[in-house]
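my_file33.cif (mmCIF, C-alpha atoms) appears below.
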```
data_data
loop_
_atom_site.label_atom_id
_atom_site.label_comp_id
_atom_site.auth_asym_id
_atom_site.auth_seq_id
_atom_site.Cartn_x
_atom_site.Cartn_y
_atom_site.Cartn_z
CA MET O 3 25.74 19.85 9.42
CA LYS O 4 24.50 16.29 9.54
CA PRO O 5 20.82 16.79 8.73
CA SER O 6 21.66 18.38 5.39
CA ILE O 7 23.43 15.21 4.35
CA ILE O 8 20.29 13.29 5.16
CA TYR O 9 18.16 15.69 3.11
CA ALA O 10 20.47 15.27 0.17
CA ALA O 11 20.23 11.50 0.49
CA VAL O 12 16.46 11.67 0.79
CA ILE O 13 16.18 13.76 -2.36
CA VAL O 14 18.50 11.62 -4.43
CA LEU O 15 16.85 8.40 -3.32
CA ILE O 16 13.31 9.62 -3.90
CA ALA O 17 14.26 10.99 -7.31
CA GLY O 18 15.69 7.56 -8.10
CA ILE O 19 12.55 5.85 -6.95
CA PHE O 20 10.34 7.91 -9.21
CA HIS O 21 12.65 7.71 -12.14
CA THR O 22 12.00 4.10 -12.97
CA GLY O 23 8.70 3.40 -11.28
CA SER O 24 6.09 2.04 -13.66
CA GLY O 25 3.83 4.99 -13.01
CA ASN O 26 0.62 3.72 -14.56
CA ALA O 27 0.22 0.40 -12.83
CA GLU O 28 -2.04 0.36 -9.79
CA TYR O 29 0.04 0.79 -6.63
CA ALA O 30 1.31 -2.51 -5.18
CA ASP O 31 0.44 -4.75 -8.14
CA VAL O 32 2.93 -7.64 -8.27
CA VAL O 33 4.17 -9.24 -11.49
CA LEU O 34 5.13 -12.93 -11.18
CA ASN O 35 7.03 -14.05 -14.23
CA LYS O 36 9.91 -16.32 -13.29
CA ARG O 37 8.46 -19.26 -15.16
CA ALA O 38 5.16 -18.39 -16.81
CA GLU O 39 6.34 -16.74 -20.02
CA LYS O 40 9.08 -19.27 -20.63
CA GLN O 41 6.33 -21.87 -20.64
CA GLY O 42 4.15 -19.93 -23.05
CA MET O 43 1.73 -18.34 -20.58
CA ARG O 44 1.19 -14.62 -20.01
CA PRO O 45 2.91 -13.25 -16.88
CA VAL O 46 0.80 -13.35 -13.68
CA ILE O 47 -0.52 -10.07 -12.21
CA TYR O 48 -1.32 -10.22 -8.51
CA PRO O 49 -3.32 -7.17 -7.32
CA HIS O 50 -2.79 -6.20 -3.65
CA TRP O 51 -5.56 -3.60 -3.74
CA PHE O 52 -8.13 -6.23 -4.71
CA HIS O 53 -7.06 -8.79 -2.12
CA ARG O 54 -6.66 -6.37 0.81
CA ILE O 55 -10.32 -5.39 0.53
CA ARG O 56 -11.02 -9.06 1.33
CA PHE O 57 -8.10 -10.17 3.54
CA ARG O 58 -5.80 -8.58 6.12
CA CYS O 59 -2.11 -8.70 5.29
CA LYS O 60 -1.62 -11.15 8.13
CA VAL O 61 -3.70 -13.83 6.41
CA CYS O 62 -1.23 -14.20 3.53
CA HIS O 63 1.96 -12.96 5.09
CA HIS O 64 1.67 -14.76 8.41
CA GLU O 65 -0.92 -17.52 8.34
CA LEU O 66 -0.30 -18.70 4.78
CA GLY O 67 3.42 -17.96 4.87
CA PHE O 68 3.94 -15.67 1.83
CA LYS O 69 7.31 -13.93 2.29
CA MET O 70 7.14 -10.14 2.02
CA ARG O 71 9.51 -9.79 -0.90
CA ALA O 72 8.49 -9.86 -4.53
CA GLY O 73 9.96 -12.92 -6.18
CA ALA O 74 10.96 -14.55 -2.89
CA ASN O 75 8.24 -17.20 -2.91
CA ASP O 76 8.90 -20.15 -5.17
CA ILE O 77 5.43 -20.24 -6.69
CA SER O 78 4.92 -22.74 -9.47
CA MET O 79 1.80 -23.96 -11.20
CA SER O 80 2.09 -27.47 -9.80
CA ALA O 81 2.34 -26.08 -6.25
CA ILE O 82 -0.81 -24.03 -6.86
CA ILE O 83 -2.69 -27.06 -8.19
CA ASP O 84 -1.51 -28.95 -5.08
CA GLY O 85 -3.22 -26.29 -2.96
CA LYS O 86 -0.20 -24.23 -2.00
CA TYR O 87 0.38 -20.46 -2.44
CA CYS O 88 -2.44 -18.94 -4.52
CA GLY O 89 -4.00 -22.42 -4.55
CA ILE O 90 -4.79 -22.25 -0.82
CA CYS O 91 -7.65 -19.95 -1.81
CA HIS O 92 -8.06 -20.39 -5.56
CA ASN O 93 -9.55 -23.85 -5.21
CA ASN O 94 -13.26 -23.20 -5.86
CA ASP O 95 -13.76 -22.95 -2.12
CA VAL O 96 -12.42 -19.63 -0.80
CA ALA O 97 -12.21 -18.24 -4.36
CA TRP O 98 -12.64 -19.46 -7.95
CA GLY O 99 -10.34 -22.27 -9.01
CA VAL O 100 -7.23 -22.80 -11.09
CA GLU O 101 -9.13 -23.57 -14.30
CA ASN O 102 -9.56 -19.80 -14.85
CA CYS O 103 -6.06 -19.52 -16.28
CA ASP O 104 -6.52 -16.11 -17.89
CA LEU O 105 -7.64 -14.33 -14.74
CA CYS O 106 -4.17 -14.80 -13.22
CA HIS O 107 -2.13 -14.99 -16.43
CA SER O 108 -3.24 -11.58 -17.70
CA GLY O 109 0.04 -9.63 -18.10
CA LEU O 110 1.74 -8.13 -21.12
CA PRO O 111 4.55 -10.26 -22.50
CA GLY O 112 8.01 -9.23 -21.36
CA LEU O 113 7.18 -7.97 -17.85
CA LYS O 114 9.74 -8.56 -15.11
CA THR O 115 8.92 -10.06 -11.72
CA GLY O 116 8.57 -7.35 -9.08
CA ILE O 117 6.31 -4.91 -7.30
CA LYS O 118 4.90 -2.12 -9.50
CA GLY O 119 2.98 1.09 -9.34
CA GLY O 120 4.73 4.37 -8.74
CA ALA O 121 6.71 4.87 -5.55
CA GLN O 122 8.60 1.74 -4.74
CA THR O 123 11.50 1.12 -2.44
CA GLY O 124 13.78 -1.83 -2.12
CA GLY O 125 17.33 -0.70 -2.64
CA PRO O 126 19.51 0.48 -5.49
CA GLY O 127 19.29 -2.93 -7.16
CA ARG O 128 15.65 -2.26 -7.88
CA TRP O 129 16.20 1.00 -9.65
CA MET D 20 -17.85 -17.70 -13.51
CA ASP D 21 -21.28 -16.19 -12.76
CA SER D 22 -21.03 -16.76 -9.06
CA ARG D 23 -17.56 -15.30 -9.10
CA GLN D 24 -18.82 -12.10 -10.65
CA ARG D 25 -21.73 -11.93 -8.28
CA GLU D 26 -19.38 -12.30 -5.34
CA ALA D 27 -17.07 -9.63 -6.68
CA GLY D 28 -20.01 -7.31 -7.21
CA LYS D 29 -21.22 -7.84 -3.68
CA MET D 30 -17.85 -7.00 -2.21
CA THR D 31 -17.73 -3.66 -3.96
CA ARG D 32 -21.21 -2.38 -3.34
CA PHE D 33 -20.09 -0.14 -0.56
CA ARG D 34 -22.28 2.42 1.09
CA ARG D 35 -22.12 5.72 -0.69
CA ARG D 36 -20.50 8.37 1.40
CA ARG D 37 -18.81 11.67 0.95
CA THR D 38 -15.53 12.28 2.68
CA ALA D 39 -13.76 15.56 2.98
CA ALA D 40 -10.38 15.64 1.33
CA SER D 41 -7.98 14.27 3.89
CA PHE D 42 -5.13 16.40 2.66
CA SER D 43 -4.86 19.58 4.65
CA SER D 44 -2.63 22.49 5.31
CA ASP D 45 -0.92 20.24 7.87
CA THR D 46 1.33 19.02 5.12
CA TRP D 47 3.00 22.35 4.95
CA THR D 48 3.53 22.65 8.66
CA VAL D 49 6.22 20.08 8.02
CA ALA D 50 8.16 22.84 6.37
CA ARG D 51 9.09 24.47 9.60
CA SER D 52 12.64 25.33 8.95
CA TRP D 53 14.42 26.54 5.86
CA PRO D 54 16.53 23.45 5.18
CA VAL D 55 13.36 21.45 4.98
CA VAL D 56 11.82 24.00 2.64
CA CYS D 57 14.89 23.83 0.43
CA ALA D 58 14.97 20.06 0.52
CA LEU D 59 11.31 19.66 -0.27
CA SER D 60 11.29 22.18 -3.08
CA THR D 61 14.31 20.56 -4.68
CA LEU D 62 12.60 17.24 -4.23
CA PHE D 63 9.51 18.39 -6.03
CA ALA D 64 11.53 20.06 -8.75
CA LEU D 65 13.26 16.73 -9.32
CA LEU D 66 9.98 14.96 -9.34
CA VAL D 67 8.70 17.25 -12.07
CA ALA D 68 11.75 16.49 -14.11
CA CYS D 69 11.44 12.76 -13.56
CA ASN D 70 7.79 12.08 -13.71
CA THR D 71 5.25 14.81 -14.10
CA GLU D 72 2.39 12.42 -13.82
CA THR D 73 3.31 11.06 -10.42
CA LEU D 74 3.84 14.60 -9.23
CA LYS D 75 0.38 15.58 -10.32
CA SER D 76 -1.13 12.88 -8.24
CA ILE D 77 0.84 13.43 -5.06
CA SER D 78 1.33 17.15 -4.77
CA THR D 79 -1.92 18.63 -5.98
CA PRO D 80 -4.65 18.40 -3.43
CA SER D 81 -7.50 17.34 -5.65
CA PRO D 82 -10.57 19.56 -5.67
CA PRO D 83 -13.38 18.29 -3.46
CA SER D 84 -15.37 17.04 -6.42
CA ALA D 85 -12.52 14.81 -7.59
CA SER D 86 -11.71 13.40 -4.17
CA ALA D 87 -15.29 12.58 -3.35
CA PRO D 88 -16.28 9.13 -4.47
CA THR D 89 -18.00 8.85 -7.81
CA GLU D 90 -21.77 8.58 -7.71
CA ASN D 91 -21.82 4.84 -7.33
CA ALA D 92 -20.00 1.78 -8.46
CA ALA D 93 -22.22 1.33 -11.49
CA VAL D 94 -21.13 4.65 -12.96
CA ALA D 95 -17.55 3.52 -12.95
CA ALA D 96 -18.28 -0.02 -14.08
CA PRO D 97 -16.41 -1.33 -17.09
CA SER D 98 -19.52 -1.01 -19.26
CA SER D 99 -19.42 2.79 -19.12
CA PRO D 100 -15.96 3.78 -20.24
CA ALA D 101 -13.70 6.79 -19.78
CA ALA D 102 -16.14 9.66 -19.56
CA SER D 103 -17.27 9.44 -15.95
CA ARG D 104 -14.30 7.66 -14.48
CA SER D 105 -11.89 9.84 -12.61
CA GLU D 106 -8.28 9.94 -13.74
CA LYS D 107 -7.19 8.81 -10.28
CA TRP D 108 -7.07 5.15 -11.21
CA LYS D 109 -5.86 3.96 -14.59
CA SER D 110 -8.04 1.48 -16.39
CA LEU D 111 -6.57 -2.02 -16.59
CA THR D 112 -6.17 -1.70 -20.35
CA ALA D 113 -3.95 1.37 -19.90
CA ASP D 114 -1.91 0.36 -16.86
CA GLY D 115 1.08 -0.99 -18.75
CA LEU D 116 0.77 -4.35 -17.00
CA HIS D 117 -2.38 -6.05 -18.27
CA ASP D 118 -2.51 -7.29 -21.82
CA PRO D 119 -5.49 -5.53 -23.46
CA ARG D 120 -5.90 -8.57 -25.71
CA SER D 121 -6.25 -10.95 -22.78
CA PRO D 122 -9.69 -12.53 -22.55
CA ALA D 123 -9.62 -11.73 -18.81
CA ILE D 124 -9.61 -8.00 -19.25
CA LYS D 125 -13.41 -7.81 -19.36
CA LEU D 126 -13.76 -10.02 -16.29
CA LEU D 127 -11.24 -8.43 -13.95
CA GLN D 128 -12.43 -5.63 -11.72
CA GLN D 129 -11.32 -2.09 -12.55
CA PRO D 130 -9.52 -0.39 -9.62
CA ALA D 131 -11.78 2.69 -9.94
CA GLU D 132 -14.86 0.57 -9.43
CA ALA D 133 -13.66 -0.87 -6.13
CA LEU D 134 -11.63 2.05 -4.78
CA ALA D 135 -13.69 5.14 -5.64
CA PRO D 136 -16.32 4.49 -2.95
CA LEU D 137 -13.66 4.31 -0.20
CA PRO D 138 -12.28 7.29 1.79
CA SER D 139 -9.87 9.01 -0.50
CA ASP D 140 -6.19 9.71 -0.06
CA GLU D 141 -3.56 11.42 -2.16
CA ALA D 142 -1.01 8.70 -2.79
CA GLY D 143 -0.55 4.97 -3.20
CA ASN D 144 -3.89 3.36 -3.98
CA LYS D 145 -5.49 6.80 -3.35
CA VAL D 146 -7.41 5.15 -0.53
CA ASP D 147 -7.11 5.82 3.19
CA TRP D 148 -7.10 2.15 4.15
CA ILE D 149 -7.08 2.86 7.88
CA ALA D 150 -10.21 5.00 7.64
CA ALA D 151 -11.87 2.45 5.36
CA LEU D 152 -11.36 -0.24 7.99
CA ASP D 153 -12.18 1.95 11.01
CA GLN D 154 -15.43 3.09 9.39
CA GLY D 155 -16.41 -0.46 8.55
CA LEU D 156 -16.53 0.25 4.79
CA ILE D 157 -14.37 -2.81 4.22
CA ASN D 158 -14.23 -5.90 6.38
CA PRO D 159 -11.25 -7.95 5.25
CA ARG D 160 -11.13 -11.47 6.67
CA THR D 161 -8.82 -11.96 9.66
CA ASN D 162 -8.11 -15.62 9.07
CA ILE D 163 -8.58 -18.64 6.83
CA ARG D 164 -7.79 -21.29 9.42
CA PRO D 165 -10.09 -21.24 12.43
CA ASP D 166 -7.27 -21.40 14.99
CA THR D 167 -5.64 -18.09 14.13
CA HIS D 168 -6.89 -14.63 14.92
CA ILE D 169 -5.91 -10.99 15.04
CA ASN D 170 -4.22 -9.35 18.07
CA VAL D 171 -4.70 -5.63 18.27
CA LEU D 172 -2.25 -3.75 20.48
CA ASP D 173 -2.81 -0.10 21.42
CA LEU D 174 0.72 1.21 21.96
CA ASP D 175 2.22 4.32 20.40
CA ILE D 176 5.97 4.70 19.96
CA PHE D 177 7.39 8.19 19.57
CA LEU D 178 10.63 8.18 17.59
CA SER D 179 13.11 10.82 16.47
CA LEU D 180 12.46 13.46 19.13
CA ASN D 181 15.18 15.91 18.14
CA GLY D 182 15.02 15.90 14.36
CA ALA D 183 14.40 18.89 12.12
CA LEU D 184 11.18 17.31 10.97
CA PRO D 185 8.18 16.70 13.22
CA ILE D 186 8.37 13.74 15.60
CA VAL D 187 7.47 10.28 14.26
CA LYS D 188 4.53 8.60 15.93
CA PHE D 189 4.37 4.86 15.24
CA PRO D 190 0.90 3.56 16.16
CA HIS D 191 0.64 -0.18 16.93
CA ARG D 192 -3.16 -0.17 16.81
CA GLN D 193 -3.49 0.72 13.13
CA HIS D 194 -0.73 -1.72 12.18
CA THR D 195 -1.98 -4.67 14.19
CA MET D 196 -5.44 -4.34 12.65
CA TRP D 197 -3.77 -5.50 9.41
CA LEU D 198 -0.63 -7.30 10.51
CA ASP D 199 0.57 -9.92 12.95
CA CYS D 200 3.27 -9.15 15.53
CA GLU D 201 5.52 -11.60 13.71
CA ASN D 202 5.40 -9.56 10.51
CA CYS D 203 7.58 -7.01 12.33
CA HIS D 204 9.02 -8.64 15.48
CA GLU D 205 11.83 -9.65 15.74
CA GLN D 206 12.73 -9.76 12.04
CA ILE D 207 12.38 -6.04 11.25
CA PHE D 208 12.09 -4.40 14.68
CA LYS D 209 13.26 -5.38 18.16
CA LYS D 210 10.53 -5.61 20.77
CA LYS D 211 12.15 -2.84 22.76
CA ALA D 212 11.60 0.79 21.95
CA GLY D 213 14.81 2.47 20.82
CA ALA D 214 16.67 -0.79 20.23
CA THR D 215 16.35 -0.79 16.43
CA PRO D 216 18.80 1.50 14.58
CA ILE D 217 16.22 3.01 12.22
CA THR D 218 17.40 5.75 9.84
CA MET D 219 15.53 7.56 7.09
CA THR D 220 18.13 6.54 4.50
CA ASP D 221 17.55 2.88 5.31
CA ILE D 222 13.80 3.40 5.15
CA LEU D 223 14.16 4.84 1.66
CA GLU D 224 16.19 1.78 0.71
CA GLY D 225 13.29 -0.46 1.62
CA LYS D 226 14.33 -1.43 5.14
CA TYR D 227 12.41 -0.97 8.42
CA CYS D 228 9.24 1.05 7.76
CA GLY D 229 10.19 1.10 4.05
CA GLN D 230 9.61 -2.62 3.69
CA CYS D 231 5.89 -1.88 3.47
CA HIS D 232 5.69 1.89 3.03
CA GLY D 233 6.70 2.47 -0.56
CA ALA D 234 5.60 -1.00 -1.64
CA VAL D 235 2.08 -1.72 -0.39
CA ALA D 236 1.23 0.68 2.47
CA PHE D 237 1.13 4.45 1.73
CA PRO D 238 4.36 5.59 0.07
CA LEU D 239 7.30 7.51 1.52
CA THR D 240 6.37 10.73 -0.25
CA GLU D 241 3.81 11.23 2.53
CA CYS D 242 6.35 12.58 5.05
CA ASN D 243 3.75 14.07 7.36
CA ARG D 244 1.82 10.84 7.87
CA CYS D 245 4.82 9.47 9.84
CA HIS D 246 6.41 12.76 10.92
CA SER D 247 3.06 13.73 12.34
CA VAL D 248 3.70 15.37 15.73
CA LEU D 249 4.93 18.96 15.73
CA HIS D 250 7.53 19.57 18.44
CA ARG D 251 5.30 22.19 20.05
CA ASP D 252 2.36 19.75 20.18
CA PHE D 253 4.40 16.91 21.67
CA LYS D 254 3.02 17.21 25.21
CA LYS D 255 -0.52 17.22 23.89
CA ALA D 256 0.15 14.15 21.72
CA LEU D 257 1.61 12.32 24.71
CA ALA D 258 -1.42 13.09 26.81
CA GLU D 259 -3.74 11.88 24.06
CA SER D 260 -2.25 8.44 23.63
CA LYS D 261 -3.29 5.94 26.23
CA ASN D 262 -0.27 3.64 26.10
CA LYS D 263 2.98 4.98 24.83
CA VAL D 264 6.73 4.69 24.86
CA VAL D 265 9.00 7.59 24.04
CA VAL D 266 12.34 6.82 22.45
CA ARG D 267 14.87 9.26 23.88
CA PRO D 268 17.91 9.91 21.73
CA LYS D 269 21.11 8.54 23.17
#
```
Write the structure described by the file as structure tokens, please.
Amino acid sequence: MKPSIIYAAVIVLIAGIFHTGSGNAEYADVVLNKRAEKQGMRPVIYPHWFHRIRFRCKVCHHELGFKMRAGANDISMSAIIDGKYCGICHNNDVAWGVENCDLCHSGLPGLKTGIKGGAQTGGPGRW
Amino acid sequence: MDSRQREAGKMTRFRRRRTAASFSSDTWTVARSWPVVCALSTLFALLVACNTETLKSISTPSPPSASAPTENAAVAAPSSPAASRSEKWKSLTADGLHDPRSPAIKLLQQPAEALAPLPSDEAGNKVDWIAALDQGLINPRTNIRPDTHINVLDLDIFLSLNGALPIVKFPHRQHTMWLDCENCHEQIFKKKAGATPITMTDILEGKYCGQCHGAVAFPLTECNRCHSVLHRDFKKALAESKNKVVVRPK
């Protein structure tokens, strides 16, 4: 019976998802740490919950061009200072500016780039 | 820094309001047939084994007092620790991501402060974001550049008519309040009902609906939010939606 195969898959996959989820982090927080820690800064924590109170998804993911895949955007500090990525808003105009290093670089050392907070999907590679 | 904090404070001073717990017995109407009952109970058993804490938050309908917003934002403000704050949202110092020694920790907003006043939900951010927007409790900006705007489309798509679980109703209206057509079309979904080969296994792997649900939008543990139309209520659901397309199985 075909449906029972699907149920089995559903169970195994969901169990997998929960197994390695970082359960305590707020849902949808993103860690950005491809470069930061190597250069002696704390990893960057980007909170979706905080930003979606202020902006629709479409503002970042359509208008400003952020790809919907953690780690897929090549965000670097010089790009931000040039007014790209986070710097489109964090420029003392839409939001406070880049001089507030610690507000973005607030993560624990050793974190890996990726989306955090409980249930997460994204394929076997993720878990 | 002062103006930043003032701005942040302003954004979170939402109207106080009490909302009934949104979780209802509906959840269990999903369990219409025994294979589903078996599957779901095994699922939950596994969840207990894997992560008791996550289970607590998704499977236990919280008592009304816990799901109602805390008295007001000030009660949950960083200056008054632990005692009054609900366990629903972990404090930034205990979330396993933020460095408690970072000088920013006192400046960043605590999730409980911003999220507790919003309509509550059982999973994800524990906020019903659709209700929050529909009720005008939040008013996220629709654009940064003046020449772009938001296009809301009222079109329901009914998928998976013959499954063992209730029928899936995909509402365009709620999605297009947040997203642009191009976030989904034609990258993730074809612009023709029934043309995309969606399966639940793919969704759980982070494709199709799972690109957002399970990452940022409410997670995949909430089966009944998508599988929302009981087979016996299908006619009624069709009559209720103004514009709709039904995807007939091939």
The PyMOL selection byres ((chain D) within 7 of (chain O)) resolved against shown file, as a PDB file with C-alpha atoms, in the coordinates of the input:
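The resulting out_2.pdb:
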```pdb
ATOM      1  CA  ARG D  23     -17.560 -15.300  -9.100  1.00  0.00           C
ATOM      2  CA  ALA D  58      14.970  20.060   0.520  1.00  0.00           C
ATOM      3  CA  LEU D  62      12.600  17.240  -4.230  1.00  0.00           C
ATOM      4  CA  LEU D  65      13.260  16.730  -9.320  1.00  0.00           C
ATOM      5  CA  LEU D  66       9.980  14.960  -9.340  1.00  0.00           C
ATOM      6  CA  CYS D  69      11.440  12.760 -13.560  1.00  0.00           C
ATOM      7  CA  ASN D  70       7.790  12.080 -13.710  1.00  0.00           C
ATOM      8  CA  THR D  73       3.310  11.060 -10.420  1.00  0.00           C
ATOM      9  CA  LYS D 109      -5.860   3.960 -14.590  1.00  0.00           C
ATOM     10  CA  ASP D 114      -1.910   0.360 -16.860  1.00  0.00           C
ATOM     11  CA  GLY D 115       1.080  -0.990 -18.750  1.00  0.00           C
ATOM     12  CA  LEU D 116       0.770  -4.350 -17.000  1.00  0.00           C
ATOM     13  CA  HIS D 117      -2.380  -6.050 -18.270  1.00  0.00           C
ATOM     14  CA  ASP D 118      -2.510  -7.290 -21.820  1.00  0.00           C
ATOM     15  CA  SER D 121      -6.250 -10.950 -22.780  1.00  0.00           C
ATOM     16  CA  PRO D 122      -9.690 -12.530 -22.550  1.00  0.00           C
ATOM     17  CA  ALA D 123      -9.620 -11.730 -18.810  1.00  0.00           C
ATOM     18  CA  LEU D 127     -11.240  -8.430 -13.950  1.00  0.00           C
ATOM     19  CA  GLY D 143      -0.550   4.970  -3.200  1.00  0.00           C
ATOM     20  CA  ASN D 144      -3.890   3.360  -3.980  1.00  0.00           C
ATOM     21  CA  ILE D 157     -14.370  -2.810   4.220  1.00  0.00           C
ATOM     22  CA  ASN D 158     -14.230  -5.900   6.380  1.00  0.00           C
ATOM     23  CA  PRO D 159     -11.250  -7.950   5.250  1.00  0.00           C
ATOM     24  CA  ARG D 160     -11.130 -11.470   6.670  1.00  0.00           C
ATOM     25  CA  THR D 161      -8.820 -11.960   9.660  1.00  0.00           C
ATOM     26  CA  ASN D 162      -8.110 -15.620   9.070  1.00  0.00           C
ATOM     27  CA  ILE D 163      -8.580 -18.640   6.830  1.00  0.00           C
ATOM     28  CA  TRP D 197      -3.770  -5.500   9.410  1.00  0.00           C
ATOM     29  CA  LEU D 198      -0.630  -7.300  10.510  1.00  0.00           C
ATOM     30  CA  ASP D 199       0.570  -9.920  12.950  1.00  0.00           C
ATOM     31  CA  ASN D 202       5.400  -9.560  10.510  1.00  0.00           C
ATOM     32  CA  THR D 220      18.130   6.540   4.500  1.00  0.00           C
ATOM     33  CA  LEU D 223      14.160   4.840   1.660  1.00  0.00           C
ATOM     34  CA  GLU D 224      16.190   1.780   0.710  1.00  0.00           C
ATOM     35  CA  GLY D 225      13.290  -0.460   1.620  1.00  0.00           C
ATOM     36  CA  GLY D 229      10.190   1.100   4.050  1.00  0.00           C
ATOM     37  CA  GLY D 233       6.700   2.470  -0.560  1.00  0.00           C
ATOM     38  CA  ALA D 234       5.600  -1.000  -1.640  1.00  0.00           C
ATOM     39  CA  VAL D 235       2.080  -1.720  -0.390  1.00  0.00           C
ATOM     40  CA  PRO D 238       4.360   5.590   0.070  1.00  0.00           C
TER      41      PRO D 238
END
```
For this session: With a distance cut-off of 10 Å and all atoms listed in the file, select the neighbouring residues of Ile83 in chain O, excluding the residue or stretch itself and same-chain residues fewer than 3 positions from it, and output the selection as a ChimeraX atom specification.
Result: /O:78-80,86-90,92-93,99-101
Problem set entry | Interatomic distance, CA of Pro268 in chain D to CA of Cys231 in chain D (Å, one decimal) | 24.8 Å
Seminar exercise, completed: Here CA of Asp175 in chain D and CA of His232 in chain D stand apart by 17.9 Å
Problem set entry | Computed interatomic separation between CA of Lys263 in chain D and CA of Phe177 in chain D (Å) |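 Those two atoms sit 7.6 Å apart.
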Exercise. When the PyMOL selection byres ((chain D and resi 210-215) around 12) is applied to the file above, which residues end up in the set, as a PyMOL selection string?
Worked result: chain D and resi 174-180+189+191+200-201+203-209+216-218+221+226-228+263-269
Problem set entry | Residue among D:Ser110, D:Ile149, D:Leu257, D:Ala142 lying closest to Gln128 in chain D, counting only C-alpha atoms |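 Checking each of D:Ser110, D:Ile149, D:Leu257, D:Ala142 against Gln128 in chain D, counting only C-alpha atoms, the winner is D:Ser110.
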For this session: Rank D:Ala113, D:Ala131, D:Ile186, D:Ala236 by their smallest atom-to-atom distance to Val248 in chain D, using all atoms listed in the file, and report the top residue only.
Result: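 Counting all atoms listed in the file, the residue closest to Val248 in chain D is D:Ile186.
Applied to the file shown here, the PyMOL selection byres ((chain D and resi 170) around 8) selects His168, Ile169, Val171, Leu172, Thr195, Met196, Asp199 and Cys200 of chain D.
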